[in-house]
>>> print(open('coords38.txt').read())   # compact mmCIF, C-alpha atoms
# COMPACT_ATOMS: atom_id res chain seq x y z
CA MET A 1 37.54 -3.63 1.63
CA ARG A 2 36.85 0.04 1.96
CA ARG A 3 35.93 1.96 -1.18
CA ALA A 4 35.81 5.70 -1.74
CA LEU A 5 33.10 7.38 -3.79
CA LEU A 6 34.43 9.18 -6.84
CA LEU A 7 32.16 11.92 -8.12
CA ARG A 8 31.80 11.89 -11.88
CA ALA A 9 30.19 14.46 -14.15
CA GLY A 10 26.53 13.65 -14.61
CA CYS A 11 26.42 11.28 -11.60
CA PRO A 12 24.46 11.97 -8.41
CA LEU A 13 26.53 13.16 -5.44
CA LEU A 14 25.01 10.73 -2.97
CA ALA A 15 26.16 7.69 -1.05
CA ALA A 16 25.36 4.51 -2.93
CA GLY A 17 23.91 2.68 0.04
CA LEU A 18 20.78 4.84 0.26
CA ALA A 19 17.48 3.04 -0.25
CA LEU A 20 15.02 5.52 1.24
CA ALA A 21 12.05 7.26 -0.28
CA ALA A 22 12.58 10.36 -2.35
CA ALA A 23 10.44 12.26 0.12
CA PRO A 24 11.20 12.35 3.88
CA PRO A 25 10.07 9.27 5.82
CA ALA A 26 6.33 9.22 6.34
CA GLN A 27 5.06 10.82 9.53
CA ALA A 28 1.69 10.52 11.19
CA ALA A 29 -0.67 12.47 8.95
CA ASP A 30 -3.23 15.04 9.94
CA THR A 31 -6.74 13.89 10.74
CA VAL A 32 -8.71 13.19 7.58
CA ASP A 33 -12.26 12.12 6.80
CA VAL A 34 -13.12 8.45 6.34
CA PRO A 35 -16.03 7.73 3.99
CA VAL A 36 -18.91 5.86 5.64
CA ALA A 37 -21.21 4.09 3.23
CA ASN A 38 -24.77 5.43 3.49
CA GLY A 39 -24.03 7.11 6.81
CA THR A 40 -27.33 9.04 6.82
CA PHE A 41 -29.33 5.99 5.65
CA ALA A 42 -30.62 7.87 2.63
CA ASP A 43 -30.64 4.63 0.59
CA PRO A 44 -33.29 3.34 0.18
CA LYS A 45 -35.48 6.42 0.23
CA ALA A 46 -38.49 5.96 2.49
CA PRO A 47 -41.75 7.90 2.42
CA ASP A 48 -41.46 10.93 4.70
CA ASN A 49 -43.86 9.43 7.25
CA GLY A 50 -43.13 5.80 6.45
CA THR A 51 -40.41 3.17 6.34
CA ALA A 52 -38.42 1.28 3.75
CA ALA A 53 -36.76 -2.10 4.08
CA GLY A 54 -32.98 -2.39 4.08
CA HIS A 55 -30.02 -0.02 4.27
CA ALA A 56 -27.43 -0.08 1.47
CA GLY A 57 -23.82 -0.46 2.55
CA TRP A 58 -24.69 -1.99 5.91
CA SER A 59 -24.99 -5.63 6.93
CA PRO A 60 -27.31 -7.37 7.02
CA GLU A 61 -29.05 -5.37 4.30
CA ASN A 62 -32.50 -6.90 4.02
CA ASN A 63 -33.87 -7.55 7.50
CA ALA A 64 -33.90 -4.00 8.85
CA VAL A 65 -35.67 -0.73 8.15
CA VAL A 66 -35.06 2.97 7.61
CA PHE A 67 -37.47 5.66 8.81
CA GLY A 68 -38.41 8.54 6.51
CA LYS A 69 -37.39 12.11 7.28
CA ALA A 70 -40.64 13.23 8.91
CA LEU A 71 -40.97 10.01 10.90
CA ALA A 72 -37.33 10.09 12.09
CA GLN A 73 -37.61 13.77 13.13
CA HIS A 74 -33.86 14.37 12.91
CA PRO A 75 -33.01 18.10 13.19
CA ALA A 76 -31.00 17.97 9.92
CA GLY A 77 -33.75 16.06 8.08
CA TYR A 78 -31.87 12.74 7.81
CA GLN A 79 -33.46 9.36 7.53
CA ALA A 80 -32.61 6.96 10.37
CA ALA A 81 -32.15 3.22 10.93
CA SER A 82 -33.91 1.36 13.74
CA LEU A 83 -31.96 -1.19 15.78
CA ASN A 84 -35.16 -3.20 16.43
CA TRP A 85 -37.68 -4.35 13.85
CA ASN A 86 -40.23 -7.09 13.25
CA GLY A 87 -39.77 -8.60 16.68
CA ALA A 88 -35.98 -8.76 16.56
CA ALA A 89 -33.06 -6.91 18.09
CA LEU A 90 -30.68 -6.05 15.24
CA ALA A 91 -26.96 -5.54 14.71
CA LEU A 92 -26.08 -3.07 11.95
CA ARG A 93 -22.51 -3.40 10.69
CA THR A 94 -20.31 -1.49 8.25
CA ARG A 95 -16.64 -1.30 7.36
CA LEU A 96 -14.56 1.85 7.46
CA TRP A 97 -12.89 1.56 4.07
CA GLY A 98 -9.38 2.85 3.61
CA VAL A 99 -8.45 2.77 7.29
CA LYS A 100 -5.12 1.01 7.83
CA ALA A 101 -4.19 -1.02 10.88
CA GLY A 102 -2.73 1.21 13.60
CA SER A 103 -4.59 4.35 12.54
CA HIS A 104 -6.54 6.19 15.22
CA VAL A 105 -10.22 6.42 14.31
CA THR A 106 -12.96 8.61 15.75
CA LEU A 107 -16.48 7.48 14.92
CA ALA A 108 -19.37 9.96 15.35
CA TRP A 109 -23.14 9.49 15.09
CA ASP A 110 -26.55 10.67 16.39
CA ASP A 111 -29.13 8.62 18.28
CA SER A 112 -32.68 8.85 19.55
CA PRO A 113 -35.17 6.62 21.36
CA GLY A 114 -37.54 4.80 19.03
CA VAL A 115 -40.51 6.50 17.42
CA ASP A 116 -42.44 3.39 16.36
CA LYS A 117 -46.12 3.49 17.38
CA ARG A 118 -45.73 0.10 19.08
CA CYS A 119 -43.36 1.56 21.67
CA THR A 120 -44.62 1.94 25.22
CA PRO A 121 -43.97 4.89 27.58
CA GLU A 122 -42.10 2.50 29.88
CA GLN A 123 -39.64 1.64 27.11
CA LEU A 124 -38.94 5.27 26.28
CA LYS A 125 -38.90 7.26 29.51
CA ASP A 126 -35.35 6.30 30.59
CA GLY A 127 -33.91 6.01 27.08
CA GLN A 128 -32.97 2.91 25.14
CA THR A 129 -29.68 1.03 25.15
CA TYR A 130 -27.39 -0.42 22.49
CA ASN A 131 -23.77 -1.50 22.19
CA LEU A 132 -21.16 -0.12 19.83
CA SER A 133 -18.90 -3.05 18.93
CA LEU A 134 -15.62 -3.26 17.07
CA ILE A 135 -15.64 -6.55 15.18
CA ALA A 136 -12.00 -7.60 15.38
CA PRO A 137 -9.72 -10.26 16.87
CA GLY A 138 -8.88 -9.99 20.55
CA ASN A 139 -10.97 -8.08 23.06
CA PRO A 140 -11.95 -4.79 21.45
CA PRO A 141 -13.93 -2.21 23.44
CA ASP A 142 -17.69 -2.75 23.54
CA PRO A 143 -19.31 0.29 25.20
CA GLN A 144 -23.01 0.32 26.02
CA ILE A 145 -24.85 3.54 25.25
CA THR A 146 -28.24 4.84 26.36
CA THR A 147 -30.23 7.34 24.35
CA LYS A 148 -32.08 10.24 25.90
CA GLY A 149 -35.54 9.45 27.21
CA SER A 150 -38.82 10.48 25.64
CA ASP A 151 -42.07 11.39 27.38
CA THR A 152 -44.29 10.77 24.35
CA VAL A 153 -44.62 7.72 22.13
CA GLY A 154 -43.75 8.67 18.57
CA THR A 155 -41.65 11.70 19.53
CA ALA A 156 -37.91 11.60 18.90
CA ASN A 157 -35.28 13.06 21.24
CA TRP A 158 -32.00 13.23 19.33
CA THR A 159 -28.52 13.33 20.82
CA THR A 160 -26.10 14.62 18.20
CA GLY A 161 -22.33 14.21 17.99
CA ARG A 162 -21.71 11.06 20.02
CA THR A 163 -18.14 9.85 19.50
CA PHE A 164 -16.11 6.71 20.00
CA GLY A 165 -12.33 6.52 19.43
CA PHE A 166 -10.17 3.47 18.86
CA ASP A 167 -6.97 2.30 17.18
CA ALA A 168 -7.75 0.17 14.15
CA PRO A 169 -6.68 -3.45 14.83
CA GLU A 170 -6.76 -4.32 11.11
CA ASP A 171 -7.27 -2.77 7.70
CA ASN A 172 -10.86 -1.74 6.91
CA PRO A 173 -12.15 -2.37 10.45
CA MET A 174 -15.82 -3.25 10.96
CA VAL A 175 -18.03 -1.45 13.49
CA SER A 176 -21.40 -2.69 14.67
CA PHE A 177 -24.37 -1.06 16.40
CA ASP A 178 -26.10 -3.82 18.42
CA SER A 179 -29.47 -3.28 20.09
CA ALA A 180 -29.68 -4.18 23.76
CA GLU A 181 -33.45 -3.55 23.80
CA LYS A 182 -35.37 -6.76 24.47
CA ARG A 183 -38.25 -5.45 26.57
CA ASP A 184 -41.85 -5.88 25.52
CA SER A 185 -42.23 -4.84 21.89
CA LEU A 186 -39.10 -5.94 20.05
CA SER A 187 -40.00 -3.59 17.21
CA CYS A 188 -39.27 -0.58 19.43
CA GLY A 189 -35.59 0.21 19.40
CA PRO A 190 -33.15 3.11 19.27
CA LEU A 191 -32.57 5.05 16.07
CA ILE A 192 -29.15 5.98 14.67
CA THR A 193 -28.09 8.20 11.78
CA ASN A 194 -25.43 10.66 10.59
CA VAL A 195 -22.61 8.14 11.07
CA THR A 196 -19.27 9.73 10.16
CA ALA A 197 -15.63 8.93 10.84
CA LYS A 198 -12.21 10.56 10.87
CA GLN A 199 -8.78 9.03 11.17
CA THR A 200 -5.24 9.98 11.97
CA PRO A 201 -3.47 7.58 9.61
CA ALA A 202 -0.65 5.45 10.94
CA PRO A 203 2.75 6.23 9.35
CA VAL A 204 3.32 4.25 6.16
CA ASP A 205 5.87 1.48 6.68
CA GLN A 206 8.35 2.08 3.85
CA LYS A 207 10.57 -0.81 4.93
CA VAL A 208 8.26 -3.46 3.50
CA ARG A 209 10.21 -5.31 0.82
CA LYS A 210 8.79 -5.40 -2.69
CA GLU A 211 9.43 -9.15 -2.83
CA GLN A 212 7.25 -9.72 0.27
CA LEU A 213 4.30 -7.36 0.03
CA PRO A 214 1.33 -7.77 2.41
CA GLY A 215 -1.29 -10.07 0.93
CA PRO A 216 -4.35 -8.81 -0.94
CA LYS A 217 -7.74 -8.59 0.76
CA ALA A 218 -11.13 -8.96 -0.85
CA TYR A 219 -14.71 -8.41 0.28
CA LYS A 220 -18.25 -8.94 -0.92
CA GLY A 221 -20.13 -6.15 0.72
CA ASN A 222 -18.77 -6.07 4.25
CA GLU A 223 -17.85 -9.77 4.40
CA PRO A 224 -14.37 -11.19 3.59
CA LEU A 225 -13.99 -12.89 0.21
CA GLU A 226 -11.31 -15.18 -1.22
CA PRO A 227 -9.12 -12.74 -3.24
CA GLY A 228 -8.95 -15.01 -6.29
CA ILE A 229 -12.70 -14.62 -6.81
CA ALA A 230 -12.36 -10.84 -7.04
CA VAL A 231 -9.32 -11.12 -9.31
CA ASP A 232 -11.23 -13.35 -11.73
CA ASP A 233 -14.18 -10.98 -11.63
CA CYS A 234 -12.05 -7.95 -12.59
CA GLU A 235 -10.25 -9.93 -15.28
CA GLY A 236 -13.56 -11.10 -16.77
CA SER A 237 -14.05 -7.85 -18.67
CA ALA A 238 -12.05 -4.71 -19.37
CA THR A 239 -14.75 -2.62 -17.68
CA ASN A 240 -15.74 -4.85 -14.76
CA CYS A 241 -13.75 -3.03 -12.07
CA THR A 242 -12.59 0.46 -11.26
CA PHE A 243 -9.23 0.98 -9.53
CA THR A 244 -8.85 3.80 -7.02
CA VAL A 245 -5.40 4.76 -5.72
CA ASP A 246 -4.91 5.17 -1.98
CA LYS A 247 -2.68 8.24 -2.12
CA ASP A 248 -1.92 8.15 1.62
CA SER A 249 -0.37 4.68 1.28
CA SER A 250 1.37 5.19 -2.09
CA TYR A 251 4.81 6.72 -2.51
CA GLN A 252 7.93 6.91 -4.66
CA TYR A 253 11.31 5.72 -3.41
CA TYR A 254 14.80 4.65 -4.44
CA GLY A 255 15.58 0.96 -4.33
CA GLN A 256 18.76 -0.71 -3.19
CA THR A 257 21.83 0.03 -5.30
CA ARG A 258 23.31 -2.79 -7.34
CA ILE A 259 26.41 -3.28 -9.50
CA VAL A 260 25.89 -3.26 -13.26
CA GLY A 261 28.49 -4.15 -15.87
CA GLU A 262 32.12 -5.10 -15.25
CA VAL A 263 34.52 -4.23 -12.44
CA TYR A 264 37.62 -2.45 -13.78
CA ILE A 265 41.12 -2.78 -12.26
CA ASN A 266 43.65 -0.31 -13.65
CA CYS A 267 47.17 -1.77 -13.40
CA SER A 268 48.61 0.81 -15.81
CA ARG A 269 50.36 4.11 -15.18
CA ASN A 270 47.69 6.05 -17.07
CA ALA A 271 44.04 6.87 -16.54
CA VAL A 272 41.69 4.62 -18.49
CA VAL A 273 38.49 6.02 -20.01
CA ASP A 274 35.91 3.40 -20.91
CA ASP A 275 33.00 4.13 -23.22
CA ARG A 276 30.24 1.55 -22.89
CA LYS A 277 26.50 1.10 -22.90
CA LEU A 278 24.73 -0.56 -20.00
CA GLU A 279 21.27 -2.13 -20.15
CA VAL A 280 19.24 -2.19 -16.95
CA THR A 281 15.87 -3.89 -16.49
CA GLU A 282 13.49 -3.09 -13.65
CA PRO A 283 10.80 -5.75 -13.16
CA PRO A 284 7.39 -5.28 -11.51
CA TYR A 285 6.20 -6.79 -8.24
CA ASP A 286 2.66 -7.05 -6.87
CA ASN A 287 0.89 -8.84 -4.06
CA LEU A 288 -1.56 -10.58 -6.41
CA THR A 289 1.21 -12.45 -8.23
CA GLN A 290 2.79 -13.24 -4.85
CA TYR A 291 -0.56 -14.41 -3.48
CA TYR A 292 -0.97 -16.97 -6.28
CA ALA A 293 2.64 -18.10 -5.92
CA LEU A 294 2.16 -18.75 -2.20
CA LYS A 295 -1.00 -20.72 -3.01
CA GLY A 296 1.04 -22.96 -5.27
CA THR A 297 -0.82 -21.83 -8.40
CA PRO A 298 1.49 -19.18 -9.89
CA LEU A 299 0.17 -16.99 -12.66
CA THR A 300 1.32 -17.66 -16.19
CA PRO A 301 3.42 -16.81 -18.06
CA SER A 302 5.85 -17.57 -15.24
CA ARG A 303 7.62 -14.64 -13.56
CA SER A 304 5.97 -12.17 -15.90
CA ASP A 305 4.35 -8.89 -15.01
CA LEU A 306 0.65 -8.62 -14.29
CA SER A 307 -0.01 -6.89 -17.61
CA GLN A 308 0.71 -10.23 -19.29
CA SER A 309 -0.95 -12.65 -16.87
CA ARG A 310 -4.01 -10.48 -16.05
CA PRO A 311 -4.16 -7.81 -18.78
CA ASN A 312 -7.69 -6.53 -18.04
CA LEU A 313 -7.01 -6.08 -14.34
CA ALA A 314 -3.65 -4.44 -15.11
CA ALA A 315 -5.32 -2.02 -17.54
CA GLN A 316 -7.85 -1.06 -14.86
CA ALA A 317 -4.99 -0.37 -12.43
CA ALA A 318 -3.20 1.75 -15.04
CA ALA A 319 -6.36 3.78 -15.73
CA GLY A 320 -6.90 4.41 -12.02
CA PHE A 321 -3.26 5.44 -11.61
CA SER A 322 -3.55 7.97 -14.42
CA ALA A 323 -6.77 9.34 -12.97
CA ALA A 324 -5.12 9.75 -9.57
CA GLY A 325 -2.31 11.69 -11.25
CA GLY A 326 -4.78 14.28 -12.50
CA ASN A 327 -5.67 12.71 -15.84
CA THR A 328 -9.28 11.87 -15.12
CA ALA A 329 -9.85 10.69 -18.68
CA ALA A 330 -7.03 8.15 -18.19
CA VAL A 331 -5.84 8.65 -21.75
CA SER A 332 -2.43 9.79 -23.05
CA THR A 333 -0.27 10.79 -20.11
CA SER A 334 3.35 11.68 -19.40
CA ASN A 335 3.30 9.60 -16.22
CA PRO A 336 1.80 6.19 -17.06
CA LEU A 337 1.84 3.18 -14.81
CA THR A 338 4.82 1.24 -16.18
CA TRP A 339 4.90 -2.44 -15.32
CA SER A 340 8.50 -3.08 -16.41
CA ARG A 341 11.26 -0.94 -17.86
CA THR A 342 14.47 -1.66 -19.77
CA ALA A 343 16.80 1.31 -20.18
CA THR A 344 20.10 1.64 -22.05
CA LYS A 345 22.53 4.27 -20.80
CA GLY A 346 25.83 5.40 -22.31
CA ILE A 347 28.58 5.63 -19.69
CA ASN A 348 32.22 6.83 -19.94
CA PRO A 349 33.84 6.31 -16.53
CA THR A 350 37.49 7.18 -15.91
CA ILE A 351 39.61 4.77 -13.87
CA GLN A 352 42.76 6.26 -12.36
CA PRO A 353 46.06 4.35 -12.11
CA GLY A 354 46.13 1.93 -9.21
CA GLU A 355 42.35 2.03 -8.70
CA VAL A 356 39.50 -0.40 -8.99
CA SER A 357 36.18 0.95 -10.27
CA TRP A 358 32.66 -0.25 -10.88
CA LEU A 359 29.24 1.22 -11.67
CA GLU A 360 26.06 1.04 -9.62
CA VAL A 361 22.45 2.00 -10.30
CA GLN A 362 19.85 2.95 -7.72
CA PRO A 363 16.47 2.41 -9.42
CA ALA A 364 13.56 4.79 -8.96
CA ARG A 365 10.43 2.85 -8.00
CA GLU A 366 6.83 3.51 -7.07
CA ARG A 367 4.69 1.72 -4.48
CA VAL A 368 1.03 1.96 -5.55
CA ALA A 369 -1.70 0.86 -3.13
CA GLY A 370 -5.39 0.96 -3.93
CA SER A 371 -8.61 -0.96 -4.40
CA PHE A 372 -10.61 -2.45 -7.24
CA SER A 373 -14.37 -2.18 -6.93
CA ASN A 374 -17.31 -3.65 -8.80
CA ALA A 375 -20.60 -2.02 -7.82
CA ARG A 376 -22.62 -4.67 -9.63
CA ASN A 377 -21.78 -7.43 -7.15
CA THR A 378 -20.30 -5.23 -4.37
CA TYR A 379 -16.83 -6.76 -4.74
CA ARG A 380 -13.80 -4.93 -3.42
CA LEU A 381 -10.16 -5.99 -3.83
CA ASP A 382 -7.30 -4.23 -2.02
CA ALA A 383 -4.02 -4.67 -3.90
CA THR A 384 -0.47 -3.29 -3.92
CA PHE A 385 1.91 -2.87 -6.86
CA ASP A 386 5.62 -2.00 -6.85
CA VAL A 387 6.71 -0.79 -10.29
CA PRO A 388 9.43 1.35 -11.92
CA ALA A 389 8.79 5.06 -11.47
CA VAL A 390 8.48 7.15 -14.61
CA SER A 391 8.44 10.60 -13.02
CA LEU A 392 11.54 9.97 -10.87
CA PRO A 393 15.01 9.45 -12.45
CA ASP A 394 17.31 6.56 -11.61
CA ARG A 395 20.58 7.37 -9.82
CA TRP A 396 23.87 6.25 -11.35
CA TYR A 397 27.19 6.06 -9.51
CA GLN A 398 30.80 5.36 -10.32
CA ARG A 399 32.47 3.77 -7.31
CA THR A 400 36.26 3.65 -7.00
CA GLY A 401 38.84 2.70 -4.42
CA PRO A 402 42.46 1.64 -3.91
CA LEU A 403 43.59 -1.81 -4.90
CA THR A 404 43.67 -4.56 -2.32
CA ASP A 405 46.84 -6.50 -1.59
CA VAL A 406 45.65 -9.33 -3.82
CA GLU A 407 44.94 -6.90 -6.65
CA LEU A 408 48.33 -5.26 -6.20
CA GLN A 409 50.02 -8.63 -6.45
CA ARG A 410 48.04 -9.49 -9.54
CA CYS A 411 49.04 -6.21 -11.18
CA GLY A 412 52.71 -6.96 -10.42
CA SER A 413 52.69 -10.58 -11.59
CA ALA A 414 54.57 -11.81 -14.65
CA ARG A 415 53.18 -11.02 -18.09
CA PRO A 416 51.30 -13.97 -19.65
CA THR A 417 52.68 -13.07 -23.12
CA ALA A 418 55.43 -10.94 -24.52
CA GLY A 419 52.84 -8.64 -26.06
CA THR A 420 51.44 -7.60 -22.69
CA PRO A 421 52.52 -4.04 -21.76
CA ASP A 422 55.26 -4.26 -19.16
CA ASN A 423 54.11 -2.59 -15.98
CA GLY A 424 57.24 -3.59 -14.13
CA ALA A 425 59.98 -2.62 -16.59
CA GLY A 426 62.68 -1.32 -14.34
CA PRO A 427 62.37 -0.85 -10.58
CA ASP A 428 62.32 2.94 -10.95
CA LYS A 429 59.34 2.88 -13.37
CA ARG A 430 57.11 0.31 -11.77
CA LEU A 431 53.64 1.32 -10.59
CA LEU A 432 54.22 -0.73 -7.47
CA ALA A 433 56.84 -2.97 -6.00
CA VAL A 434 55.92 -6.55 -5.19
CA ASP A 435 58.19 -9.04 -3.48
CA ALA A 436 58.82 -12.26 -5.32
CA PRO A 437 56.86 -15.25 -4.00
CA PRO A 438 58.77 -17.66 -1.76
CA ALA A 439 60.73 -20.28 -3.63
CA GLY A 440 58.69 -23.37 -4.42
CA VAL A 441 55.36 -21.67 -3.58
CA PRO A 442 53.16 -20.92 -6.61
CA THR A 443 51.54 -17.52 -6.93
CA ARG A 444 47.88 -17.57 -5.84
CA THR A 445 45.17 -15.24 -7.09
CA VAL A 446 42.02 -14.64 -5.04
CA PRO A 447 38.98 -13.51 -7.06
CA LEU A 448 37.74 -10.03 -6.12
CA ASN A 449 34.10 -9.63 -5.14
CA PRO A 450 33.71 -5.91 -4.41
>>> encode(input="coords38.txt", output="structure tokens")
Amino acid sequence: MRRALLLRAGCPLLAAGLALAAAPPAQAADTVDVPVANGTFADPKAPDNGTAAGHAGWSPENNAVVFGKALAQHPAGYQAASLNWNGAALALRTRLWGVKAGSHVTLAWDDSPGVDKRCTPEQLKDGQTYNLSLIAPGNPPDPQITTKGSDTVGTANWTTGRTFGFDAPEDNPMVSFDSAEKRDSLSCGPLITNVTAKQTPAPVDQKVRKEQLPGPKAYKGNEPLEPGIAVDDCEGSATNCTFTVDKDSSYQYYGQTRIVGEVYINCSRNAVVDDRKLEVTEPPYDNLTQYYALKGTPLTPSRSDLSQSRPNLAAQAAAGFSAAGGNTAAVSTSNPLTWSRTATKGINPTIQPGEVSWLEVQPARERVAGSFSNARNTYRLDATFDVPAVSLPDRWYQRTGPLTDVELQRCGSARPTAGTPDNGAGPDKRLLAVDAPPAGVPTRTVPLNP
């Protein structure tokens, strides 16, 4: 049955079937910086002419070494990490946080042959080799790189601005620098520092349904972690975790329209004005609740929002949302993160003679993506919430259309009681003319489902 849209005062002048974002569909964004943890290996700080064990933010953390500024001899004064130490060829790995699958990434770094006193001229004269690996499923590229050579043991020869581009095969991809130096002294290996990255983010897929959000991901350092462990950690205390919104992956949108209240059929000869109040509830959705449901251990209370089942974690998300909106103190705000919303709206639609009419609402919603972090145990939890939008109004529509044949017949049927207004009193005054049903065949009414 075809229905026409009747424009009413105070109602949006838009087609009711729209379910797109308030903003234009997401396009490929400009190239932006990607933070690289400890990219200049400044942590831990080593003596200028000495070394220090470890390199924060990289894996493994404790079996490698950083060279102090004077020893590394980088032109910008950075410390550097060696890819060989204590008789072993090393692999230094880190994740590029905030990179989404499908984004194009350009990694940049500087390298030099080793400056350790145990190096030999033979090891240094033609440069030293290492691989740059992308740790991901499938067969990612694995280029081998050779540093410049050095004529003198203990003298660096830096190449700056090396680059490697790839399309991220997964969220938060991991890159690895792997030494290929296994000649003679295994403590003499190439140096790397000044690791930076940029990305051209993939367009945000705004067709993902709120009922089937992508699952959460958790990490301890650079290694994957069962998400429930990170959830319990954040919930353990109101201050355990800090939530940071990923603005590039978050957006506001209008949900699918739905009918609210009754459907009106006007069989009279006059317009009918109906004054009524409608109550509409918008529930929250999130991939943490969905994750537990898929595991067979749904959160309690059942089918409630996260602010009831995990109040500490929900409060951390709300504080991070407020901070991202410009309220860094995360206190009183005109745009809070609202987990659920029930609104009552007064409506007075007019239904013309011979028309059917109903009301629809198109809810304003907000998709919020971001990450919880706990620096104490290096936990990270990527989560997504889909909640009612506060800063975007709902859209209300009155939909009307002509009566169907079944509705016309129903309007013209006999009055159930004498008190029913006679819509067929006299052929010249009837709203419509309906033939009598065939003799011996009872009148049949088909329920309308507009």
>>> residues_around(input="coords38.txt", residues="Thr281 of chain A", least_positions_apart="6", cutoff="10 Å", atoms="all atoms listed in the file", output="PyMOL selection string")
chain A and resi 340-344+363+388
>>> residues_around(input="coords38.txt", residues="segment 214-221 of chain A", least_positions_apart="3", cutoff="8 Å", atoms="only C-alpha atoms", output="NGL selection string")
:A and (57 or 59 or 224-227 or 230 or 287-288 or 290-291 or 377-384)
>>> residues_around(input="coords38.txt", residues="segment 77-92 of chain A", least_positions_apart="3", cutoff="7 Å", atoms="only C-alpha atoms", output="mmCIF file with C-alpha atoms, in the coordinates of the input")
data_model
loop_
_atom_site.group_PDB
_atom_site.id
_atom_site.type_symbol
_atom_site.label_atom_id
_atom_site.label_comp_id
_atom_site.auth_asym_id
_atom_site.auth_seq_id
_atom_site.Cartn_x
_atom_site.Cartn_y
_atom_site.Cartn_z
ATOM 1 C CA THR A 40 -27.330 9.040 6.820
ATOM 2 C CA PHE A 41 -29.330 5.990 5.650
ATOM 3 C CA ALA A 42 -30.620 7.870 2.630
ATOM 4 C CA TRP A 58 -24.690 -1.990 5.910
ATOM 5 C CA SER A 59 -24.990 -5.630 6.930
ATOM 6 C CA PRO A 60 -27.310 -7.370 7.020
ATOM 7 C CA ALA A 64 -33.900 -4.000 8.850
ATOM 8 C CA VAL A 65 -35.670 -0.730 8.150
ATOM 9 C CA VAL A 66 -35.060 2.970 7.610
ATOM 10 C CA PHE A 67 -37.470 5.660 8.810
ATOM 11 C CA GLY A 68 -38.410 8.540 6.510
ATOM 12 C CA LYS A 69 -37.390 12.110 7.280
ATOM 13 C CA ALA A 72 -37.330 10.090 12.090
ATOM 14 C CA GLN A 73 -37.610 13.770 13.130
ATOM 15 C CA HIS A 74 -33.860 14.370 12.910
ATOM 16 C CA SER A 176 -21.400 -2.690 14.670
ATOM 17 C CA PHE A 177 -24.370 -1.060 16.400
ATOM 18 C CA ASP A 178 -26.100 -3.820 18.420
ATOM 19 C CA SER A 179 -29.470 -3.280 20.090
ATOM 20 C CA GLU A 181 -33.450 -3.550 23.800
ATOM 21 C CA LYS A 182 -35.370 -6.760 24.470
ATOM 22 C CA SER A 185 -42.230 -4.840 21.890
ATOM 23 C CA LEU A 186 -39.100 -5.940 20.050
ATOM 24 C CA SER A 187 -40.000 -3.590 17.210
ATOM 25 C CA CYS A 188 -39.270 -0.580 19.430
ATOM 26 C CA GLY A 189 -35.590 0.210 19.400
ATOM 27 C CA PRO A 190 -33.150 3.110 19.270
ATOM 28 C CA LEU A 191 -32.570 5.050 16.070
ATOM 29 C CA ILE A 192 -29.150 5.980 14.670
ATOM 30 C CA THR A 193 -28.090 8.200 11.780
#
>>> atom_distance(input="coords38.txt", atom1="atom CA of Leu96 of chain A", atom2="atom CA of Met174 of chain A")
6.3 Å
>>> atom_distance(input="coords38.txt", atom1="atom CA of Leu403 of chain A", atom2="atom CA of Ile351 of chain A")
11.8 Å
>>> residues_around(input="coords38.txt", residues="Glu366 of chain A", least_positions_apart="2", cutoff="7 Å", atoms="all atoms listed in the file", output="ChimeraX atom specification")
/A:251-253,368,386-389
>>> closest_residue(input="coords38.txt", among="A:Asp111, A:Pro173, A:Val204, A:Ile135", to="Gly161 of chain A", atoms="only C-alpha atoms")
A:Asp111
